[in-house]
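K.L.:
Sharing data14.txt, compact mmCIF, C-alpha atoms and all ligand atoms:
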# COMPACT_ATOMS: atom_id res chain seq x y z
CA MET X 61 67.59 122.12 157.88
CA LEU X 62 65.77 125.46 157.46
CA GLU X 63 62.69 125.70 159.67
CA VAL X 64 60.26 128.56 159.33
CA HIS X 65 57.61 128.70 162.04
CA LYS X 66 54.54 130.96 162.03
CA LEU X 67 56.27 133.66 160.03
CA SER X 68 54.23 136.83 159.65
CA VAL X 69 55.19 140.04 157.85
CA SER X 70 53.29 143.31 157.46
CA TYR X 71 53.99 146.45 155.50
CA GLY X 72 52.17 149.11 157.53
CA LYS X 73 48.61 147.82 157.83
CA HIS X 74 49.00 145.36 154.96
CA ALA X 75 49.55 141.78 156.14
CA ALA X 76 51.80 140.23 153.47
CA LEU X 77 52.43 136.90 155.27
CA ARG X 78 50.37 135.19 157.95
CA ASP X 79 51.70 132.31 160.08
CA VAL X 80 53.73 130.69 157.32
CA SER X 81 55.47 127.48 158.40
CA LEU X 82 57.71 125.38 156.18
CA ARG X 83 60.94 123.43 156.16
CA VAL X 84 63.73 122.76 153.71
CA ASP X 85 66.21 119.94 154.30
CA ARG X 86 69.78 120.00 153.07
CA GLY X 87 69.99 118.39 149.64
CA GLU X 88 66.38 119.00 148.64
CA ILE X 89 64.72 121.48 146.32
CA VAL X 90 61.48 123.00 147.59
CA VAL X 91 59.38 125.29 145.40
CA ILE X 92 56.92 127.96 146.52
CA LEU X 93 54.09 128.49 144.05
CA GLY X 94 51.75 131.46 144.30
CA ALA X 95 50.14 134.21 142.25
CA ASN X 96 51.60 137.69 141.95
CA GLY X 97 51.50 139.45 145.30
CA ALA X 98 50.91 136.22 147.26
CA GLY X 99 53.90 136.97 149.49
CA LYS X 100 56.64 134.80 147.98
CA SER X 101 59.36 137.47 147.88
CA SER X 102 58.39 138.66 151.35
CA LEU X 103 58.88 135.11 152.62
CA LEU X 104 62.41 134.87 151.22
CA LYS X 105 63.32 138.39 152.34
CA ALA X 106 62.05 137.73 155.87
CA CYS X 107 64.12 134.52 156.08
CA ALA X 108 67.17 136.48 154.90
CA GLY X 109 66.62 139.22 157.50
CA LEU X 110 65.73 141.92 154.98
CA VAL X 111 62.21 142.68 156.21
CA ALA X 112 60.88 142.78 159.77
CA LYS X 113 58.92 139.81 161.13
CA HIS X 114 56.09 139.78 163.67
CA GLU X 115 56.97 138.81 167.21
CA ASN X 116 55.87 135.17 167.21
CA SER X 117 57.70 134.34 163.99
CA ALA X 118 60.70 132.01 164.12
CA VAL X 119 63.36 131.06 161.58
CA ALA X 120 66.03 128.49 162.43
CA LEU X 121 68.81 126.82 160.50
CA SER X 122 70.08 123.46 161.76
CA GLY X 123 68.72 124.33 165.19
CA LYS X 124 70.31 127.81 165.32
CA ASP X 125 67.79 130.58 165.84
CA LEU X 126 68.10 133.18 163.06
CA THR X 127 64.92 135.11 163.83
CA ASP X 128 66.49 138.28 165.18
CA LEU X 129 69.87 138.17 163.45
CA ALA X 130 71.01 140.91 161.06
CA ALA X 131 71.16 139.93 157.39
CA HIS X 132 74.98 139.51 157.32
CA ARG X 133 74.83 137.20 160.35
CA ILE X 134 72.19 135.11 158.60
CA VAL X 135 74.59 134.67 155.65
CA GLU X 136 77.27 133.75 158.17
CA ALA X 137 74.97 131.09 159.61
CA GLY X 138 74.58 129.47 156.17
CA LEU X 139 71.53 131.00 154.48
CA ALA X 140 72.11 132.90 151.21
CA LEU X 141 69.56 134.79 149.09
CA VAL X 142 69.67 135.34 145.33
CA PRO X 143 67.20 138.24 145.11
CA GLU X 144 64.70 138.91 142.36
CA GLY X 145 66.47 141.03 139.75
CA ARG X 146 69.79 139.44 140.77
CA GLY X 147 71.28 142.41 142.63
CA ILE X 148 74.71 142.13 141.08
CA PHE X 149 77.06 145.10 140.77
CA GLY X 150 77.18 145.94 137.07
CA ASP X 151 80.33 148.08 137.16
CA LEU X 152 82.31 145.42 138.99
CA THR X 153 83.81 142.48 137.15
CA VAL X 154 82.41 139.00 137.40
CA ARG X 155 85.34 138.02 139.62
CA GLU X 156 84.75 141.02 141.94
CA ASN X 157 81.06 140.15 142.23
CA LEU X 158 81.95 136.58 143.15
CA GLU X 159 84.58 137.73 145.64
CA LEU X 160 81.95 139.85 147.43
CA GLY X 161 80.07 136.63 148.14
CA ALA X 162 83.12 135.20 149.88
CA PHE X 163 83.10 137.97 152.50
CA ALA X 164 81.41 135.75 155.09
CA LYS X 165 83.89 134.40 157.64
CA ARG X 166 82.55 130.92 157.06
CA ALA X 167 83.70 131.17 153.43
CA ARG X 168 87.01 133.04 153.57
CA ALA X 169 89.28 130.07 154.13
CA SER X 170 87.66 128.10 151.31
CA GLU X 171 87.37 130.96 148.78
CA LYS X 172 89.55 129.24 146.17
CA GLU X 173 87.69 125.93 146.39
CA ASN X 174 84.34 127.71 146.28
CA LEU X 175 85.37 129.69 143.21
CA ALA X 176 86.47 126.45 141.54
CA ARG X 177 83.08 124.92 142.36
CA VAL X 178 81.22 127.91 140.92
CA ILE X 179 83.30 127.74 137.71
CA ASP X 180 82.69 124.03 137.52
CA LEU X 181 78.96 124.67 137.79
CA PHE X 182 78.97 127.60 135.34
CA PRO X 183 81.98 127.04 133.01
CA LYS X 184 80.96 130.07 130.93
CA LEU X 185 82.00 132.34 133.78
CA SER X 186 85.63 131.23 133.56
CA GLU X 187 86.22 133.14 130.30
CA ARG X 188 84.37 136.16 131.66
CA LEU X 189 85.95 136.69 135.05
CA ASP X 190 87.44 140.05 134.14
CA GLN X 191 84.42 141.34 132.23
CA ALA X 192 82.12 144.01 133.73
CA ALA X 193 79.04 142.18 135.00
CA ARG X 194 76.63 144.59 133.27
CA THR X 195 77.95 143.53 129.87
CA MET X 196 76.88 139.91 130.47
CA SER X 197 73.61 138.49 129.11
CA GLY X 198 70.65 138.03 131.47
CA GLY X 199 71.37 134.33 131.85
CA GLU X 200 75.05 134.95 132.54
CA GLN X 201 74.16 137.61 135.11
CA GLN X 202 71.92 135.08 136.84
CA MET X 203 74.90 132.69 136.97
CA VAL X 204 76.95 135.45 138.61
CA ALA X 205 74.18 136.09 141.16
CA ILE X 206 73.87 132.40 142.03
CA GLY X 207 77.65 132.02 141.99
CA ARG X 208 78.03 134.94 144.38
CA ALA X 209 75.54 133.34 146.81
CA LEU X 210 77.39 130.01 146.56
CA MET X 211 80.67 131.75 147.38
CA SER X 212 79.33 132.19 150.93
CA ASN X 213 79.28 128.40 151.20
CA PRO X 214 75.61 128.21 152.19
CA ASP X 215 73.71 125.25 153.62
CA ILE X 216 70.48 126.63 152.15
CA LEU X 217 70.10 128.80 149.05
CA LEU X 218 67.02 131.01 148.60
CA LEU X 219 66.21 131.91 145.00
CA ASP X 220 63.64 134.53 144.00
CA GLU X 221 62.36 134.06 140.43
CA PRO X 222 65.73 133.08 138.94
CA SER X 223 64.31 132.28 135.49
CA LEU X 224 62.65 135.70 135.06
CA GLY X 225 63.60 137.16 131.68
CA LEU X 226 65.70 134.17 130.59
CA SER X 227 65.37 132.41 127.23
CA PRO X 228 64.01 128.81 127.28
CA ILE X 229 67.53 127.42 126.77
CA MET X 230 69.00 129.56 129.53
CA THR X 231 66.11 128.57 131.80
CA SER X 232 66.70 124.91 131.16
CA ASP X 233 70.45 125.35 131.89
CA LEU X 234 69.57 127.21 135.07
CA PHE X 235 67.32 124.41 136.33
CA LYS X 236 70.04 121.85 135.54
CA ALA X 237 72.47 123.92 137.60
CA LEU X 238 70.04 123.94 140.53
CA THR X 239 69.91 120.15 140.42
CA ALA X 240 73.72 120.07 140.43
CA ILE X 241 73.76 122.41 143.45
CA GLN X 242 71.28 120.17 145.24
CA LYS X 243 73.56 117.18 144.64
CA THR X 244 76.34 118.93 146.57
CA GLY X 245 74.07 118.78 149.64
CA VAL X 246 72.81 122.37 149.56
CA GLY X 247 69.08 122.81 150.17
CA VAL X 248 67.26 125.08 147.71
CA LEU X 249 64.12 127.12 148.43
CA LEU X 250 62.86 128.33 145.09
CA VAL X 251 60.23 130.91 144.19
CA GLU X 252 59.29 130.54 140.54
CA GLN X 253 56.68 131.62 137.99
CA ASN X 254 57.78 128.72 135.85
CA ALA X 255 55.77 126.10 137.74
CA ARG X 256 56.19 123.32 135.20
CA GLN X 257 59.99 123.31 135.14
CA SER X 258 60.38 124.07 138.82
CA LEU X 259 58.08 121.21 139.87
CA ALA X 260 60.03 118.92 137.54
CA ILE X 261 63.26 119.48 139.52
CA SER X 262 61.74 119.90 142.99
CA ASP X 263 61.26 117.33 145.74
CA ARG X 264 58.40 119.15 147.46
CA GLY X 265 56.35 122.29 147.12
CA TYR X 266 54.13 124.69 149.03
CA LEU X 267 51.20 126.71 147.69
CA ILE X 268 50.83 130.24 148.98
CA GLU X 269 47.74 132.41 148.62
CA ASN X 270 47.19 135.86 150.09
CA GLY X 271 50.11 135.44 152.46
CA ALA X 272 49.16 132.01 153.83
CA ILE X 273 50.19 128.45 152.98
CA THR X 274 47.18 126.69 151.46
CA GLY X 275 48.76 123.39 150.46
CA GLN X 276 51.94 121.35 150.48
CA ASP X 277 52.94 118.03 148.97
CA THR X 278 55.59 116.20 147.03
CA ALA X 279 56.34 117.80 143.68
CA LEU X 280 55.02 114.67 141.98
CA ALA X 281 51.68 114.92 143.75
CA LEU X 282 51.42 118.66 143.06
CA GLN X 283 52.06 118.07 139.36
CA SER X 284 48.99 115.84 139.15
CA ASP X 285 46.78 117.93 141.45
CA PRO X 286 43.93 119.37 139.32
CA ALA X 287 43.90 122.67 141.27
CA VAL X 288 47.64 123.12 140.71
CA GLN X 289 47.30 122.14 137.06
CA LYS X 290 44.57 124.72 136.58
CA ALA X 291 46.22 127.55 138.53
CA PHE X 292 49.87 127.08 137.59
CA LEU X 293 50.26 124.64 134.71
CA GLY X 294 47.64 125.99 132.30
CA LEU X 295 45.80 122.67 132.21
CA GLY X 296 42.20 121.65 132.95
CA ALA X 297 38.90 123.50 132.65
CA ALA X 298 38.93 127.29 132.84
P1 LIG B 301 55.37 138.76 142.79
O1 LIG B 301 55.27 137.38 142.26
O2 LIG B 301 54.47 139.72 142.07
O3 LIG B 301 56.78 139.25 142.98
P2 LIG B 301 55.14 137.98 145.58
O4 LIG B 301 54.34 136.76 145.79
O5 LIG B 301 56.61 137.84 145.61
O6 LIG B 301 54.70 138.71 144.26
P3 LIG B 301 55.50 140.02 147.60
O7 LIG B 301 56.43 140.82 146.77
O8 LIG B 301 56.02 139.27 148.75
O9 LIG B 301 54.65 139.01 146.68
O10 LIG B 301 54.35 141.00 148.10
C1 LIG B 301 53.29 140.57 148.94
C2 LIG B 301 52.36 141.75 149.21
O11 LIG B 301 53.05 142.73 149.98
C3 LIG B 301 51.90 142.46 147.95
O12 LIG B 301 50.56 142.85 148.14
C4 LIG B 301 52.79 143.66 147.84
O13 LIG B 301 52.16 144.72 147.20
C5 LIG B 301 53.07 143.97 149.29
N1 LIG B 301 54.40 144.56 149.46
C6 LIG B 301 55.60 143.97 149.14
N2 LIG B 301 56.63 144.78 149.47
C7 LIG B 301 56.09 145.89 150.03
C8 LIG B 301 56.63 147.11 150.57
N3 LIG B 301 57.96 147.31 150.65
N4 LIG B 301 55.76 148.02 151.04
C9 LIG B 301 54.42 147.82 150.99
N5 LIG B 301 53.84 146.71 150.50
C10 LIG B 301 54.66 145.75 150.02
Could I get this file's structure written as structure tokens?
P.N.:
Amino acid sequence: MLEVHKLSVSYGKHAALRDVSLRVDRGEIVVILGANGAGKSSLLKACAGLVAKHENSAVALSGKDLTDLAAHRIVEAGLALVPEGRGIFGDLTVRENLELGAFAKRARASEKENLARVIDLFPKLSERLDQAARTMSGGEQQMVAIGRALMSNPDILLLDEPSLGLSPIMTSDLFKALTAIQKTGVGVLLVEQNARQSLAISDRGYLIENGAITGQDTALALQSDPAVQKAFLGLGAA
């Protein structure tokens, strides 16, 4: 289980996150909903060890304290981030991108099995393994980015706006893949602009406003919450 306790992040004088606490169990999908600039990416980056946290912040995975670990040690502990914009290496082939994800010690022995699982999840990648990643479509590149994170054999996957720039069909395929990942026992913490589709596949969700959690509930309850409908689902009175 991922446990985030009183996580705070500042950029200079700007407080981007204040005392954010949340948890994600293995095998569940949890969505973070918030307006632009609310602090969603900062939350994922801080969990992944990519931005500095305030002193009282704590991040733990299955009881192991990750708070002060370097980013590569956090991957080693079982937390993998798919960053906004995907972060894949365009000049490398799909296979090489995936292999980079298997660098973690925890994943080296099971590289073949993990690659088979990624191909099973995204069959399109199997015909494209030797193609330069930059020549893939946006949706295919997102598959490579998620596949690369899965190659580290994570317990929890962090995803920052994975549907950004994807067509409706690609988006729907992506959300199906996330459900398939969840079924393998991996927990998913998802930041998404697409509130409707992400709530539809999520178990629970948190609302974040100006760097602080302002609400949390089951995805079902959030879907029928008038404030959520108005802010994120385009329903209700303006
Ligand atoms: P979006 O949906 O627009 O990506 P977000 O909810 O992911 O937004 P963050 O990217 O976490 O929000 O940013 C939170 C706040 O911190 C914003 O006000 C942003 O301008 C600020 N911020 C983010 N990164 C930096 C940085 N490297 N330096 C200074 N300020 C930053």
K.L.:
At most 8 Å is the cut-off: for each residue in chain X with any atom that close to an atom of ligand LIG 301 (chain B), write down the nearest atom pair and the distance in Å rounded to one decimal, counting only C-alpha atoms and all ligand atoms, chain first then increasing number, as CSV.
P.N.:
residue,atom,partner,partner_atom,distance
X:Ser70,CA,B:LIG301,O11,7.5
X:Tyr71,CA,B:LIG301,C9,4.7
X:Gly72,CA,B:LIG301,C9,7.0
X:His74,CA,B:LIG301,N5,6.7
X:Ala75,CA,B:LIG301,O11,7.1
X:Ala76,CA,B:LIG301,O11,4.5
X:Leu77,CA,B:LIG301,C1,7.4
X:Gly94,CA,B:LIG301,O4,6.1
X:Ala95,CA,B:LIG301,O1,6.0
X:Asn96,CA,B:LIG301,O2,3.5
X:Gly97,CA,B:LIG301,O6,3.4
X:Ala98,CA,B:LIG301,O4,3.8
X:Gly99,CA,B:LIG301,O8,3.2
X:Lys100,CA,B:LIG301,O4,3.7
X:Ser101,CA,B:LIG301,O5,3.6
X:Ser102,CA,B:LIG301,O8,3.6
X:Leu103,CA,B:LIG301,O8,6.4
X:Glu144,CA,B:LIG301,O3,8.0
X:Asp220,CA,B:LIG301,O5,7.9
X:Val251,CA,B:LIG301,O5,7.9
X:Gln253,CA,B:LIG301,O1,7.3
X:Asn270,CA,B:LIG301,C1,7.8
X:Gly271,CA,B:LIG301,C1,7.0
K.L.:
Residues at most 7 Å from Ser212 of chain X, counting only C-alpha atoms, excluding those fewer than 4 positions away in the same chain, as a list in words?
P.N.:
Gly161, Ala162, Ala164 and Ala167 of chain X
K.L.:
Counting only C-alpha atoms, figure out which residue out of X:Asp233, X:Asp128, X:Glu173, X:Glu63 gets nearest to Leu82 of chain X.
P.N.:
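Going through X:Asp233, X:Asp128, X:Glu173, X:Glu63 one by one, the smallest distance to Leu82 of chain X is for X:Glu63.
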K.L.:
Leaving out Leu181 of chain X and any residue of its chain fewer than 2 positions from it, which residues lie within 9 Å of it when counting only C-alpha atoms, given as a list in words?
P.N.:
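That gives Ala176, Arg177, Val178, Ile179, Pro183, Lys184, Gly207, Ala237, Ala240 and Ile241 of chain X.
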K.L.:
Fewer than 4 positions away in the same chain doesn't count, so skip those; otherwise give me all residues within 6 Å of segment 275-284 of chain X, counting all atoms listed in the file, as a list in words.
P.N.:
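Residues meeting the cut-off are Leu259, Ser262, Asp263, Arg264, Gly265, Tyr266 and Leu267 of chain X.
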K.L.:
What is the atom CA of Leu238 of chain X-atom CA of Gly138 of chain X distance in Å, reported with one decimal?
P.N.:
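Calculated distance between atom CA of Leu238 of chain X and atom CA of Gly138 of chain X is 17.2 Å.
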K.L.:
Enter the distance from atom CA of Glu171 of chain X to atom CA of Asp151 of chain X, in Å, rounded to one decimal.
P.N.:
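Computing the Euclidean distance for atom CA of Glu171 of chain X and atom CA of Asp151 of chain X yields 21.9 Å.
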K.L.:
Can you list, as a ChimeraX atom specification, every protein, DNA or RNA residue that comes within 7 Å of Asp190 of chain X when you count all atoms listed in the file, leaving out same-chain residues fewer than 6 positions away?
P.N.:
/X:153-155
K.L.:
What does the structure give for the distance between atom CA of Leu93 of chain X and atom CA of Leu219 of chain X, in Å to one decimal?
P.N.:
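One can read the atom CA of Leu93 of chain X to atom CA of Leu219 of chain X distance as 12.6 Å.
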K.L.:
Could you check the closest approach to Arg83 of chain X for each of X:Leu67, X:Ala260, X:Leu129, X:Leu293 and tell me which residue wins, using all atoms listed in the file?
P.N.:
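Once distances to Arg83 of chain X are computed over all atoms listed in the file, the minimum belongs to X:Leu67.
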K.L.:
Here is a test: counting all atoms listed in the file, which residue of X:Arg208, X:Gln202, X:Asn116, X:Ile134 is nearest to Leu160 of chain X?
P.N.:
X:Arg208
K.L.:
Using all atoms listed in the file, which of the listed residues (X:Ala255, X:Leu139, X:Val119, X:Ile148) sits closest to Val288 of chain X?
P.N.:
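Counting all atoms listed in the file, the residue closest to Val288 of chain X is X:Ala255.
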K.L.:
For Val64 of chain X, which residue among X:Ala205, X:Ala120, X:Leu250, X:Met211 is the nearest when counting all atoms listed in the file?
P.N.:
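Among the listed residues, the smallest separation from Val64 of chain X belongs to X:Ala120.
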K.L.:
Find the residues near Ser258 of chain X: any atom within 8 Å, counting all atoms listed in the file, skip ones fewer than 6 places away on the same chain, and give them as a list in words.
P.N.:
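Using all atoms listed in the file, the neighbours found are Val91, Phe235, Leu250 and Glu252 of chain X.
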K.L.:
Using only C-alpha atoms for the distances, tell me which of X:Ala272, X:Leu121, X:Val69, X:Leu141 is nearest to Glu221 of chain X.
P.N.:
X:Leu141
K.L.:
Have segment 239-251 of chain X completed to N, CA, C and O atoms, please, and pass it along as a compact mmCIF listing (two decimals), in the coordinates of the input.
P.N.:
# COMPACT_ATOMS: atom_id res chain seq x y z
N THR X 239 69.83 121.58 140.08
CA THR X 239 69.91 120.15 140.42
C THR X 239 71.34 119.78 140.81
O THR X 239 71.56 119.02 141.76
N ALA X 240 72.31 120.35 140.10
CA ALA X 240 73.72 120.07 140.43
C ALA X 240 74.06 120.65 141.81
O ALA X 240 74.79 120.02 142.59
N ILE X 241 73.53 121.81 142.13
CA ILE X 241 73.76 122.41 143.45
C ILE X 241 73.16 121.52 144.53
O ILE X 241 73.78 121.25 145.56
N GLN X 242 71.96 121.06 144.28
CA GLN X 242 71.28 120.17 145.24
C GLN X 242 72.14 118.93 145.52
O GLN X 242 72.25 118.49 146.66
N LYS X 243 72.76 118.41 144.47
CA LYS X 243 73.56 117.18 144.64
C LYS X 243 74.79 117.40 145.53
O LYS X 243 75.33 116.45 146.07
N THR X 244 75.20 118.67 145.68
CA THR X 244 76.34 118.93 146.57
C THR X 244 75.89 118.99 148.03
O THR X 244 76.69 119.24 148.93
N GLY X 245 74.57 118.82 148.27
CA GLY X 245 74.07 118.78 149.64
C GLY X 245 73.44 120.08 150.10
O GLY X 245 72.98 120.19 151.23
N VAL X 246 73.44 121.08 149.21
CA VAL X 246 72.81 122.37 149.56
C VAL X 246 71.29 122.23 149.39
O VAL X 246 70.83 121.61 148.43
N GLY X 247 70.54 122.78 150.33
CA GLY X 247 69.08 122.81 150.17
C GLY X 247 68.68 124.06 149.39
O GLY X 247 69.32 125.11 149.54
N VAL X 248 67.66 123.95 148.55
CA VAL X 248 67.26 125.08 147.71
C VAL X 248 65.78 125.40 147.96
O VAL X 248 64.93 124.52 147.85
N LEU X 249 65.51 126.66 148.33
CA LEU X 249 64.12 127.12 148.43
C LEU X 249 63.91 128.09 147.27
O LEU X 249 64.54 129.13 147.17
N LEU X 250 63.00 127.69 146.40
CA LEU X 250 62.86 128.33 145.09
C LEU X 250 61.48 128.97 144.94
O LEU X 250 60.47 128.31 145.15
N VAL X 251 61.47 130.25 144.58
CA VAL X 251 60.23 130.91 144.19
C VAL X 251 60.26 131.04 142.68
O VAL X 251 61.24 131.56 142.14
